[in-house]
>>> print(open('structure.cif').read())   # mmCIF, C-alpha atoms
data_start
loop_
_atom_site.group_PDB
_atom_site.id
_atom_site.type_symbol
_atom_site.label_atom_id
_atom_site.label_comp_id
_atom_site.auth_asym_id
_atom_site.auth_seq_id
_atom_site.Cartn_x
_atom_site.Cartn_y
_atom_site.Cartn_z
ATOM 1 C CA MET S 7 106.371 171.792 137.478
ATOM 2 C CA SER S 8 105.863 171.167 133.780
ATOM 3 C CA VAL S 9 103.593 172.336 131.002
ATOM 4 C CA GLY S 10 101.968 169.398 129.236
ATOM 5 C CA PRO S 11 101.366 169.083 125.512
ATOM 6 C CA ASP S 12 97.723 169.922 126.247
ATOM 7 C CA GLY S 13 98.792 173.316 127.626
ATOM 8 C CA ARG S 14 97.896 172.486 131.229
ATOM 9 C CA LEU S 15 100.295 173.137 134.130
ATOM 10 C CA TRP S 16 101.258 169.974 136.079
ATOM 11 C CA VAL S 17 102.571 170.592 139.613
ATOM 12 C CA PRO S 18 104.028 167.697 141.665
ATOM 13 C CA ILE S 19 103.175 168.219 145.342
ATOM 14 C CA HIS S 20 105.979 166.223 146.938
ATOM 15 C CA GLY S 21 104.808 166.390 150.558
ATOM 16 C CA ARG S 22 101.212 165.424 149.755
ATOM 17 C CA ALA S 23 101.848 162.600 147.265
ATOM 18 C CA ASN S 24 99.808 164.090 144.460
ATOM 19 C CA ILE S 25 100.006 166.077 141.262
ATOM 20 C CA GLU S 26 97.799 169.125 140.840
ATOM 21 C CA ILE S 27 96.832 170.210 137.337
ATOM 22 C CA TYR S 28 95.840 173.765 136.407
ATOM 23 C CA ASP S 29 94.708 175.492 133.238
ATOM 24 C CA ALA S 30 97.278 177.259 131.051
ATOM 25 C CA THR S 31 97.011 180.501 133.043
ATOM 26 C CA GLY S 32 97.799 178.646 136.276
ATOM 27 C CA SER S 33 94.782 180.258 137.927
ATOM 28 C CA ARG S 34 92.053 177.599 137.529
ATOM 29 C CA PHE S 35 92.413 174.242 139.283
ATOM 30 C CA ASP S 36 91.578 171.385 136.920
ATOM 31 C CA SER S 37 92.447 168.063 138.534
ATOM 32 C CA ARG S 38 94.335 166.278 141.329
ATOM 33 C CA ILE S 39 95.989 162.872 140.850
ATOM 34 C CA THR S 40 96.815 160.815 143.937
ATOM 35 C CA MET S 41 100.283 159.287 143.661
ATOM 36 C CA LEU S 42 102.542 157.017 145.642
ATOM 37 C CA PRO S 43 105.017 158.993 147.800
ATOM 38 C CA ASN S 44 106.374 161.261 146.471
ATOM 39 C CA PRO S 45 106.312 162.778 142.983
ATOM 40 C CA HIS S 46 109.408 164.776 142.014
ATOM 41 C CA ALA S 47 108.773 165.762 138.396
ATOM 42 C CA VAL S 48 106.576 165.172 135.340
ATOM 43 C CA GLY S 49 107.516 164.316 131.732
ATOM 44 C CA PHE S 50 105.239 163.750 128.753
ATOM 45 C CA ALA S 51 104.911 161.442 125.765
ATOM 46 C CA GLY S 52 102.394 163.696 124.057
ATOM 47 C CA ASP S 53 101.301 161.600 121.112
ATOM 48 C CA LEU S 54 100.718 158.657 123.488
ATOM 49 C CA MET S 55 98.821 160.951 125.900
ATOM 50 C CA ARG S 56 100.948 159.628 128.774
ATOM 51 C CA ALA S 57 102.645 161.479 131.600
ATOM 52 C CA PHE S 58 105.440 159.973 133.704
ATOM 53 C CA SER S 59 106.379 160.902 137.272
ATOM 54 C CA PRO S 60 109.214 159.529 139.445
ATOM 55 C CA ASN S 61 107.916 158.711 142.934
ATOM 56 C CA HIS S 62 111.043 159.273 144.991
ATOM 57 C CA GLU S 63 110.177 157.457 148.242
ATOM 58 C CA SER S 64 108.299 154.587 146.529
ATOM 59 C CA ASN S 65 110.984 153.611 143.980
ATOM 60 C CA VAL S 66 108.535 153.602 141.089
ATOM 61 C CA VAL S 67 107.582 155.681 138.076
ATOM 62 C CA SER S 68 103.870 156.368 137.769
ATOM 63 C CA VAL S 69 102.383 156.336 134.276
ATOM 64 C CA ILE S 70 99.376 158.645 133.938
ATOM 65 C CA ASP S 71 96.711 158.565 131.219
ATOM 66 C CA MET S 72 96.361 162.212 130.187
ATOM 67 C CA ASN S 73 92.873 161.577 128.805
ATOM 68 C CA THR S 74 91.493 160.562 132.205
ATOM 69 C CA ASP S 75 94.122 161.982 134.626
ATOM 70 C CA GLU S 76 94.398 158.557 136.258
ATOM 71 C CA VAL S 77 97.427 156.406 137.065
ATOM 72 C CA LEU S 78 97.594 153.552 134.520
ATOM 73 C CA ARG S 79 100.487 151.689 136.067
ATOM 74 C CA THR S 80 103.501 151.978 138.321
ATOM 75 C CA ILE S 81 106.857 150.678 137.124
ATOM 76 C CA PRO S 82 109.511 149.645 139.685
ATOM 77 C CA VAL S 83 112.848 151.418 139.154
ATOM 78 C CA SER S 84 116.161 151.884 140.982
ATOM 79 C CA LYS S 85 116.127 153.399 144.477
ATOM 80 C CA ALA S 86 115.120 157.046 144.941
ATOM 81 C CA PRO S 87 114.104 158.058 141.398
ATOM 82 C CA HIS S 88 114.918 161.735 141.450
ATOM 83 C CA SER S 89 114.416 162.889 137.896
ATOM 84 C CA LEU S 90 113.302 161.626 134.516
ATOM 85 C CA ALA S 91 113.265 162.763 130.914
ATOM 86 C CA VAL S 92 111.086 161.661 128.017
ATOM 87 C CA SER S 93 112.824 161.554 124.646
ATOM 88 C CA PRO S 94 111.659 164.181 122.141
ATOM 89 C CA ASP S 95 110.250 161.405 119.941
ATOM 90 C CA GLY S 96 108.149 160.302 122.935
ATOM 91 C CA ARG S 97 109.344 156.699 122.846
ATOM 92 C CA LYS S 98 111.832 156.373 125.740
ATOM 93 C CA VAL S 99 112.002 157.544 129.347
ATOM 94 C CA VAL S 100 115.287 157.697 131.283
ATOM 95 C CA VAL S 101 115.047 157.718 135.085
ATOM 96 C CA ALA S 102 117.843 158.685 137.506
ATOM 97 C CA GLY S 103 117.980 156.545 140.679
ATOM 98 C CA TYR S 104 119.718 158.935 143.089
ATOM 99 C CA GLU S 105 120.504 156.468 145.887
ATOM 100 C CA ALA S 106 121.244 153.539 143.562
ATOM 101 C CA ASN S 107 123.896 155.220 141.373
ATOM 102 C CA ALA S 108 121.895 153.810 138.484
ATOM 103 C CA ALA S 109 119.480 154.704 135.717
ATOM 104 C CA ASN S 110 116.576 152.860 134.152
ATOM 105 C CA LEU S 111 115.208 153.042 130.625
ATOM 106 C CA ILE S 112 111.447 152.692 130.088
ATOM 107 C CA ASP S 113 109.812 152.038 126.736
ATOM 108 C CA ALA S 114 106.997 154.618 126.701
ATOM 109 C CA VAL S 115 104.873 152.477 124.350
ATOM 110 C CA THR S 116 105.130 149.024 125.949
ATOM 111 C CA LEU S 117 105.922 150.325 129.485
ATOM 112 C CA THR S 118 108.715 147.783 129.863
ATOM 113 C CA ARG S 119 111.809 148.678 131.881
ATOM 114 C CA SER S 120 115.498 148.037 131.191
ATOM 115 C CA GLY S 121 118.205 148.348 133.795
ATOM 116 C CA PRO S 122 119.537 149.128 136.216
ATOM 117 C CA ILE S 123 122.256 150.859 134.219
ATOM 118 C CA LYS S 124 125.321 151.755 136.295
ATOM 119 C CA VAL S 125 126.085 155.482 136.110
ATOM 120 C CA GLY S 126 128.022 157.850 138.371
ATOM 121 C CA SER S 127 127.412 158.697 142.020
ATOM 122 C CA GLU S 128 124.103 160.350 143.016
ATOM 123 C CA PRO S 129 122.480 160.837 139.592
ATOM 124 C CA GLN S 130 120.432 163.976 139.957
ATOM 125 C CA CYS S 131 119.001 165.242 136.663
ATOM 126 C CA VAL S 132 118.374 163.883 133.154
ATOM 127 C CA ALA S 133 117.941 165.418 129.689
ATOM 128 C CA PHE S 134 117.644 164.021 126.175
ATOM 129 C CA ALA S 135 119.377 165.271 123.037
ATOM 130 C CA ALA S 136 117.033 166.845 120.496
ATOM 131 C CA ASP S 137 117.320 163.834 118.166
ATOM 132 C CA SER S 138 116.538 161.353 121.003
ATOM 133 C CA GLY S 139 119.850 159.626 120.245
ATOM 134 C CA HIS S 140 121.475 160.251 123.629
ATOM 135 C CA ALA S 141 120.521 161.088 127.190
ATOM 136 C CA TYR S 142 122.674 162.999 129.668
ATOM 137 C CA ILE S 143 122.632 162.188 133.399
ATOM 138 C CA VAL S 144 124.199 164.577 135.904
ATOM 139 C CA ASN S 145 126.014 162.702 138.693
ATOM 140 C CA GLU S 146 126.206 165.083 141.631
ATOM 141 C CA GLY S 147 128.335 162.822 143.829
ATOM 142 C CA ASP S 148 131.319 162.411 141.497
ATOM 143 C CA ASN S 149 131.124 165.563 139.352
ATOM 144 C CA THR S 150 130.420 163.785 136.074
ATOM 145 C CA VAL S 151 127.844 163.443 133.327
ATOM 146 C CA SER S 152 127.020 159.970 132.028
ATOM 147 C CA VAL S 153 126.088 159.859 128.347
ATOM 148 C CA LEU S 154 123.605 157.091 127.492
ATOM 149 C CA ASP S 155 122.554 155.659 124.162
ATOM 150 C CA GLY S 156 118.954 156.801 123.833
ATOM 151 C CA GLN S 157 117.722 153.473 122.473
ATOM 152 C CA THR S 158 119.661 150.890 124.481
ATOM 153 C CA GLY S 159 120.592 152.801 127.637
ATOM 154 C CA ALA S 160 124.244 151.764 127.324
ATOM 155 C CA VAL S 161 126.710 154.275 128.783
ATOM 156 C CA THR S 162 128.755 155.613 125.857
ATOM 157 C CA ALA S 163 130.863 158.206 127.723
ATOM 158 C CA THR S 164 131.528 159.756 131.132
ATOM 159 C CA VAL S 165 132.521 163.435 131.182
ATOM 160 C CA LYS S 166 134.015 165.412 134.093
ATOM 161 C CA VAL S 167 132.266 168.696 134.886
ATOM 162 C CA GLY S 168 132.368 171.208 137.762
ATOM 163 C CA ARG S 169 131.759 170.452 141.434
ATOM 164 C CA SER S 170 128.307 169.310 142.589
ATOM 165 C CA PRO S 171 126.541 169.380 139.212
ATOM 166 C CA ARG S 172 122.782 169.748 139.587
ATOM 167 C CA THR S 173 120.911 170.188 136.310
ATOM 168 C CA VAL S 174 121.419 169.578 132.592
ATOM 169 C CA SER S 175 119.743 170.892 129.472
ATOM 170 C CA ALA S 176 120.427 170.179 125.791
ATOM 171 C CA SER S 177 120.253 172.772 123.040
ATOM 172 C CA PRO S 178 117.504 172.367 120.416
ATOM 173 C CA ASP S 179 120.076 172.254 117.593
ATOM 174 C CA GLY S 180 121.740 169.207 119.179
ATOM 175 C CA ARG S 181 125.186 170.777 119.419
ATOM 176 C CA PHE S 182 125.564 171.494 123.135
ATOM 177 C CA ALA S 183 124.537 170.370 126.603
ATOM 178 C CA TYR S 184 124.742 172.698 129.586
ATOM 179 C CA VAL S 185 125.348 171.630 133.197
ATOM 180 C CA THR S 186 124.957 173.810 136.293
ATOM 181 C CA ASN S 187 127.620 173.257 138.975
ATOM 182 C CA GLY S 188 126.297 174.165 142.426
ATOM 183 C CA ALA S 189 129.565 174.218 144.383
ATOM 184 C CA ASP S 190 131.441 176.199 141.712
ATOM 185 C CA ASN S 191 128.686 178.629 140.677
ATOM 186 C CA THR S 192 129.608 177.765 137.087
ATOM 187 C CA ILE S 193 128.098 176.214 133.990
ATOM 188 C CA SER S 194 129.880 173.495 132.024
ATOM 189 C CA VAL S 195 129.267 173.608 128.272
ATOM 190 C CA LEU S 196 129.581 170.224 126.569
ATOM 191 C CA GLN S 197 129.920 169.953 122.803
ATOM 192 C CA VAL S 198 127.768 166.900 122.072
ATOM 193 C CA GLY S 199 127.183 167.166 118.331
ATOM 194 C CA GLU S 200 128.491 168.772 115.159
#
>>> encode(input="structure.cif", output="C-alpha cells")
Amino acid sequence: MSVGPDGRLWVPIHGRANIEIYDATGSRFDSRITMLPNPHAVGFAGDLMRAFSPNHESNVVSVIDMNTDEVLRTIPVSKAPHSLAVSPDGRKVVVAGYEANAANLIDAVTLTRSGPIKVGSEPQCVAFAADSGHAYIVNEGDNTVSVLDGQTGAVTATVKVGRSPRTVSASPDGRFAYVTNGADNTISVLQVGE
C-alpha cells in the first residue's frame, strides 16, 4: 500500500483486481478502482495528479487520474510487472518485469514507454535516487542490482549484493542505497553518491 500526495491510503487488492482508497486515517473507505489483473503496487506523480500501478498478470501499467479515480490508460510493458517507482521529480516511471528479466521506462507526462531494457534475472523491486538521476533494480535471481540512468533507462552498472535480494530503498541525501537479502538475512549498503 502507498500514501498518495493527497494524503489518502491506496491499497492494491491483488486477488480482486482493484485498488481500494481510504482516507488518511485508514478507517473511511473513499473509492474503489477496477483494474486489470492484478495490481501489485502504486506510485504517484503528484503534480500531474497521476497514479501508476503494475498489473502483474496483464503485463501492463495502469495510469490513474487522481482527480477522478479512473483509469486513463494502460501501457503494455515487459512480462509480469512486479514493481515500479516514480522518480522524485515525477517525470519518469521505471517498471520491473519479473519474468522478462527486463525493465521499462515510462514518461509520466507523455505516457510513452521505452524498453525493454535488459537487466538481471527476476527483477523484483525498484527505487529512484533522490535526485531522479538513477534508478536501482533488485534482481532476485542473480543476486545483483542494476543501476539505470534515470532519464534514458540505460544500464550504467551492475552490482553484486547478498543472496535473494528483495527490496531496495535510497537515502534522501542521495549517498546510499539499501538492499534487503532474503536468503542471507542481511542488508547490503551501496554507496551511490558523494
>>> closest_residue(input="structure.cif", among="S:Gly156, S:Val101, S:Met7, S:Gly21", to="Val132 in chain S", atoms="only C-alpha atoms")
S:Val101
>>> residues_around(input="structure.cif", residues="range 193-200 of chain S", least_positions_apart="2", cutoff="10 Å", atoms="only C-alpha atoms", output="list of chain:residue names")
S:Ala135, S:His140, S:Tyr142, S:Val151, S:Val153, S:Val165, S:Lys166, S:Val167, S:Gly168, S:Pro171, S:Thr173, S:Val174, S:Ser175, S:Ala176, S:Ser177, S:Asp179, S:Gly180, S:Arg181, S:Phe182, S:Ala183, S:Tyr184, S:Val185, S:Thr186, S:Asn187, S:Gly188, S:Asp190, S:Asn191
>>> write_last_selection(input="structure.cif", atoms="C-alpha atoms", output="PDB file, in the frame of the given file")
ATOM      1  CA  ALA S 135     119.377 165.271 123.037  1.00  0.00           C
ATOM      2  CA  HIS S 140     121.475 160.251 123.629  1.00  0.00           C
ATOM      3  CA  TYR S 142     122.674 162.999 129.668  1.00  0.00           C
ATOM      4  CA  VAL S 151     127.844 163.443 133.327  1.00  0.00           C
ATOM      5  CA  VAL S 153     126.088 159.859 128.347  1.00  0.00           C
ATOM      6  CA  VAL S 165     132.521 163.435 131.182  1.00  0.00           C
ATOM      7  CA  LYS S 166     134.015 165.412 134.093  1.00  0.00           C
ATOM      8  CA  VAL S 167     132.266 168.696 134.886  1.00  0.00           C
ATOM      9  CA  GLY S 168     132.368 171.208 137.762  1.00  0.00           C
ATOM     10  CA  PRO S 171     126.541 169.380 139.212  1.00  0.00           C
ATOM     11  CA  THR S 173     120.911 170.188 136.310  1.00  0.00           C
ATOM     12  CA  VAL S 174     121.419 169.578 132.592  1.00  0.00           C
ATOM     13  CA  SER S 175     119.743 170.892 129.472  1.00  0.00           C
ATOM     14  CA  ALA S 176     120.427 170.179 125.791  1.00  0.00           C
ATOM     15  CA  SER S 177     120.253 172.772 123.040  1.00  0.00           C
ATOM     16  CA  ASP S 179     120.076 172.254 117.593  1.00  0.00           C
ATOM     17  CA  GLY S 180     121.740 169.207 119.179  1.00  0.00           C
ATOM     18  CA  ARG S 181     125.186 170.777 119.419  1.00  0.00           C
ATOM     19  CA  PHE S 182     125.564 171.494 123.135  1.00  0.00           C
ATOM     20  CA  ALA S 183     124.537 170.370 126.603  1.00  0.00           C
ATOM     21  CA  TYR S 184     124.742 172.698 129.586  1.00  0.00           C
ATOM     22  CA  VAL S 185     125.348 171.630 133.197  1.00  0.00           C
ATOM     23  CA  THR S 186     124.957 173.810 136.293  1.00  0.00           C
ATOM     24  CA  ASN S 187     127.620 173.257 138.975  1.00  0.00           C
ATOM     25  CA  GLY S 188     126.297 174.165 142.426  1.00  0.00           C
ATOM     26  CA  ASP S 190     131.441 176.199 141.712  1.00  0.00           C
ATOM     27  CA  ASN S 191     128.686 178.629 140.677  1.00  0.00           C
TER      28      ASN S 191
END
>>> atom_distance(input="structure.cif", atom1="CA of Val100 in chain S", atom2="CA of Val17 in chain S")
19.9 Å
>>> atom_distance(input="structure.cif", atom1="CA of Pro43 in chain S", atom2="CA of Asn24 in chain S")
8.0 Å
>>> residues_around(input="structure.cif", residues="Ala30 in chain S", least_positions_apart="2", cutoff="10 Å", atoms="only C-alpha atoms", output="MDAnalysis selection string")
chainID S and resid 9:10 12:16 27:28 32:34
>>> write_last_selection(input="structure.cif", atoms="C-alpha atoms", output="PDB file, in the frame of the given file")
ATOM      1  CA  VAL S   9     103.593 172.336 131.002  1.00  0.00           C
ATOM      2  CA  GLY S  10     101.968 169.398 129.236  1.00  0.00           C
ATOM      3  CA  ASP S  12      97.723 169.922 126.247  1.00  0.00           C
ATOM      4  CA  GLY S  13      98.792 173.316 127.626  1.00  0.00           C
ATOM      5  CA  ARG S  14      97.896 172.486 131.229  1.00  0.00           C
ATOM      6  CA  LEU S  15     100.295 173.137 134.130  1.00  0.00           C
ATOM      7  CA  TRP S  16     101.258 169.974 136.079  1.00  0.00           C
ATOM      8  CA  ILE S  27      96.832 170.210 137.337  1.00  0.00           C
ATOM      9  CA  TYR S  28      95.840 173.765 136.407  1.00  0.00           C
ATOM     10  CA  GLY S  32      97.799 178.646 136.276  1.00  0.00           C
ATOM     11  CA  SER S  33      94.782 180.258 137.927  1.00  0.00           C
ATOM     12  CA  ARG S  34      92.053 177.599 137.529  1.00  0.00           C
TER      13      ARG S  34
END
>>> decode(input="structure.cif", residues="range 15-132 of chain S", atoms="C-alpha atoms", output="PDB file, in the first residue's frame")
ATOM      1  CA  LEU S  15      -4.204   5.470   1.533  1.00  0.00           C
ATOM      2  CA  TRP S  16      -4.110   3.408  -1.703  1.00  0.00           C
ATOM      3  CA  VAL S  17      -4.338  -0.374  -1.215  1.00  0.00           C
ATOM      4  CA  PRO S  18      -3.835  -2.739  -4.193  1.00  0.00           C
ATOM      5  CA  ILE S  19      -6.102  -5.773  -3.776  1.00  0.00           C
ATOM      6  CA  HIS S  20      -4.182  -8.297  -5.859  1.00  0.00           C
ATOM      7  CA  GLY S  21      -6.717 -11.137  -5.792  1.00  0.00           C
ATOM      8  CA  ARG S  22      -9.681  -8.917  -6.683  1.00  0.00           C
ATOM      9  CA  ALA S  23      -8.091  -6.800  -9.435  1.00  0.00           C
ATOM     10  CA  ASN S  24      -8.823  -3.463  -7.829  1.00  0.00           C
ATOM     11  CA  ILE S  25      -7.350  -0.689  -5.745  1.00  0.00           C
ATOM     12  CA  GLU S  26      -9.198   0.484  -2.655  1.00  0.00           C
ATOM     13  CA  ILE S  27      -8.667   4.039  -1.447  1.00  0.00           C
ATOM     14  CA  TYR S  28      -9.199   5.168   2.149  1.00  0.00           C
ATOM     15  CA  ASP S  29      -8.953   8.462   3.990  1.00  0.00           C
ATOM     16  CA  ALA S  30      -5.719   9.362   5.790  1.00  0.00           C
ATOM     17  CA  THR S  31      -6.770   7.538   8.972  1.00  0.00           C
ATOM     18  CA  GLY S  32      -7.356   4.328   7.004  1.00  0.00           C
ATOM     19  CA  SER S  33     -10.784   3.982   8.604  1.00  0.00           C
ATOM     20  CA  ARG S  34     -13.118   5.541   5.996  1.00  0.00           C
ATOM     21  CA  PHE S  35     -13.497   3.908   2.581  1.00  0.00           C
ATOM     22  CA  ASP S  36     -13.303   6.503  -0.189  1.00  0.00           C
ATOM     23  CA  SER S  37     -13.159   4.792  -3.571  1.00  0.00           C
ATOM     24  CA  ARG S  38     -12.563   1.535  -5.469  1.00  0.00           C
ATOM     25  CA  ILE S  39     -10.856   1.422  -8.880  1.00  0.00           C
ATOM     26  CA  THR S  40     -11.347  -1.663 -11.045  1.00  0.00           C
ATOM     27  CA  MET S  41      -8.063  -2.759 -12.610  1.00  0.00           C
ATOM     28  CA  LEU S  42      -6.798  -5.406 -14.973  1.00  0.00           C
ATOM     29  CA  PRO S  43      -5.408  -8.447 -13.099  1.00  0.00           C
ATOM     30  CA  ASN S  44      -3.630  -7.859 -10.809  1.00  0.00           C
ATOM     31  CA  PRO S  45      -2.276  -4.697  -9.182  1.00  0.00           C
ATOM     32  CA  HIS S  46       0.946  -5.132  -7.196  1.00  0.00           C
ATOM     33  CA  ALA S  47       1.828  -1.602  -6.088  1.00  0.00           C
ATOM     34  CA  VAL S  48       1.055   2.099  -6.551  1.00  0.00           C
ATOM     35  CA  GLY S  49       3.374   5.046  -7.305  1.00  0.00           C
ATOM     36  CA  PHE S  50       2.497   8.709  -7.745  1.00  0.00           C
ATOM     37  CA  ALA S  51       3.406  11.652  -9.953  1.00  0.00           C
ATOM     38  CA  GLY S  52       1.794  14.153  -7.612  1.00  0.00           C
ATOM     39  CA  ASP S  53       1.987  17.359  -9.599  1.00  0.00           C
ATOM     40  CA  LEU S  54       0.494  15.524 -12.607  1.00  0.00           C
ATOM     41  CA  MET S  55      -2.218  14.008 -10.366  1.00  0.00           C
ATOM     42  CA  ARG S  56      -1.435  10.567 -11.807  1.00  0.00           C
ATOM     43  CA  ALA S  57      -1.026   7.234 -10.070  1.00  0.00           C
ATOM     44  CA  PHE S  58       0.680   4.232 -11.680  1.00  0.00           C
ATOM     45  CA  SER S  59       0.095   0.560 -10.876  1.00  0.00           C
ATOM     46  CA  PRO S  60       1.809  -2.525 -12.357  1.00  0.00           C
ATOM     47  CA  ASN S  61      -0.788  -5.161 -13.266  1.00  0.00           C
ATOM     48  CA  HIS S  62       1.239  -8.324 -12.813  1.00  0.00           C
ATOM     49  CA  GLU S  63      -0.867 -10.883 -14.719  1.00  0.00           C
ATOM     50  CA  SER S  64      -1.890  -8.459 -17.507  1.00  0.00           C
ATOM     51  CA  ASN S  65       1.596  -7.181 -18.438  1.00  0.00           C
ATOM     52  CA  VAL S  66       0.526  -3.549 -18.323  1.00  0.00           C
ATOM     53  CA  VAL S  67       0.873  -0.481 -16.137  1.00  0.00           C
ATOM     54  CA  SER S  68      -2.398   1.276 -15.390  1.00  0.00           C
ATOM     55  CA  VAL S  69      -2.345   5.071 -15.291  1.00  0.00           C
ATOM     56  CA  ILE S  70      -4.960   6.516 -12.932  1.00  0.00           C
ATOM     57  CA  ASP S  71      -6.298  10.081 -12.889  1.00  0.00           C
ATOM     58  CA  MET S  72      -6.201  11.041  -9.208  1.00  0.00           C
ATOM     59  CA  ASN S  73      -8.833  13.736  -9.751  1.00  0.00           C
ATOM     60  CA  THR S  74     -11.469  11.221 -10.855  1.00  0.00           C
ATOM     61  CA  ASP S  75     -10.045   7.896  -9.548  1.00  0.00           C
ATOM     62  CA  GLU S  76     -10.451   6.411 -13.026  1.00  0.00           C
ATOM     63  CA  VAL S  77      -8.007   4.523 -15.243  1.00  0.00           C
ATOM     64  CA  LEU S  78      -6.824   6.880 -18.016  1.00  0.00           C
ATOM     65  CA  ARG S  79      -4.803   4.360 -19.966  1.00  0.00           C
ATOM     66  CA  THR S  80      -2.958   1.072 -19.789  1.00  0.00           C
ATOM     67  CA  ILE S  81       0.596   0.854 -21.097  1.00  0.00           C
ATOM     68  CA  PRO S  82       1.989  -2.524 -22.246  1.00  0.00           C
ATOM     69  CA  VAL S  83       5.254  -3.448 -20.503  1.00  0.00           C
ATOM     70  CA  SER S  84       7.545  -6.474 -20.139  1.00  0.00           C
ATOM     71  CA  LYS S  85       6.099  -9.708 -18.736  1.00  0.00           C
ATOM     72  CA  ALA S  86       4.989  -9.850 -15.092  1.00  0.00           C
ATOM     73  CA  PRO S  87       5.493  -6.235 -13.955  1.00  0.00           C
ATOM     74  CA  HIS S  88       6.215  -6.739 -10.293  1.00  0.00           C
ATOM     75  CA  SER S  89       7.193  -3.327  -9.019  1.00  0.00           C
ATOM     76  CA  LEU S  90       7.541   0.256 -10.160  1.00  0.00           C
ATOM     77  CA  ALA S  91       8.963   3.523  -8.909  1.00  0.00           C
ATOM     78  CA  VAL S  92       8.143   7.091  -9.889  1.00  0.00           C
ATOM     79  CA  SER S  93      11.095   9.473  -9.913  1.00  0.00           C
ATOM     80  CA  PRO S  94      11.043  12.143  -7.193  1.00  0.00           C
ATOM     81  CA  ASP S  95      10.644  14.818  -9.878  1.00  0.00           C
ATOM     82  CA  GLY S  96       7.513  12.969 -11.047  1.00  0.00           C
ATOM     83  CA  ARG S  97       8.643  12.692 -14.661  1.00  0.00           C
ATOM     84  CA  LYS S  98       9.748   9.052 -15.113  1.00  0.00           C
ATOM     85  CA  VAL S  99       8.444   5.646 -14.058  1.00  0.00           C
ATOM     86  CA  VAL S 100      10.665   2.544 -14.011  1.00  0.00           C
ATOM     87  CA  VAL S 101       8.909  -0.836 -14.107  1.00  0.00           C
ATOM     88  CA  ALA S 102      10.485  -4.211 -13.255  1.00  0.00           C
ATOM     89  CA  GLY S 103       9.328  -7.093 -15.497  1.00  0.00           C
ATOM     90  CA  TYR S 104       9.943 -10.081 -13.207  1.00  0.00           C
ATOM     91  CA  GLU S 105       9.531 -12.871 -15.772  1.00  0.00           C
ATOM     92  CA  ALA S 106      11.149 -10.944 -18.636  1.00  0.00           C
ATOM     93  CA  ASN S 107      14.459 -10.074 -16.923  1.00  0.00           C
ATOM     94  CA  ALA S 108      13.798  -6.575 -18.213  1.00  0.00           C
ATOM     95  CA  ALA S 109      12.708  -3.101 -17.199  1.00  0.00           C
ATOM     96  CA  ASN S 110      10.686  -0.434 -18.953  1.00  0.00           C
ATOM     97  CA  LEU S 111      10.862   3.337 -18.641  1.00  0.00           C
ATOM     98  CA  ILE S 112       7.639   5.360 -18.924  1.00  0.00           C
ATOM     99  CA  ASP S 113       7.499   9.108 -19.449  1.00  0.00           C
ATOM    100  CA  ALA S 114       4.939  10.189 -16.831  1.00  0.00           C
ATOM    101  CA  VAL S 115       3.947  13.270 -18.868  1.00  0.00           C
ATOM    102  CA  THR S 116       3.537  11.824 -22.373  1.00  0.00           C
ATOM    103  CA  LEU S 117       2.831   8.226 -21.194  1.00  0.00           C
ATOM    104  CA  THR S 118       5.233   6.840 -23.786  1.00  0.00           C
ATOM    105  CA  ARG S 119       7.246   3.714 -22.997  1.00  0.00           C
ATOM    106  CA  SER S 120      10.900   2.876 -23.666  1.00  0.00           C
ATOM    107  CA  GLY S 121      12.323  -0.610 -23.474  1.00  0.00           C
ATOM    108  CA  PRO S 122      12.561  -3.388 -22.788  1.00  0.00           C
ATOM    109  CA  ILE S 123      15.854  -2.721 -21.032  1.00  0.00           C
ATOM    110  CA  LYS S 124      17.818  -5.889 -20.244  1.00  0.00           C
ATOM    111  CA  VAL S 125      18.590  -6.157 -16.524  1.00  0.00           C
ATOM    112  CA  GLY S 126      19.446  -9.087 -14.255  1.00  0.00           C
ATOM    113  CA  SER S 127      17.411 -12.206 -13.516  1.00  0.00           C
ATOM    114  CA  GLU S 128      13.982 -11.835 -11.851  1.00  0.00           C
ATOM    115  CA  PRO S 129      13.883  -8.067 -11.234  1.00  0.00           C
ATOM    116  CA  GLN S 130      11.860  -7.681  -8.080  1.00  0.00           C
ATOM    117  CA  CYS S 131      11.884  -4.135  -6.691  1.00  0.00           C
ATOM    118  CA  VAL S 132      12.730  -0.628  -7.930  1.00  0.00           C
TER     119      VAL S 132
END
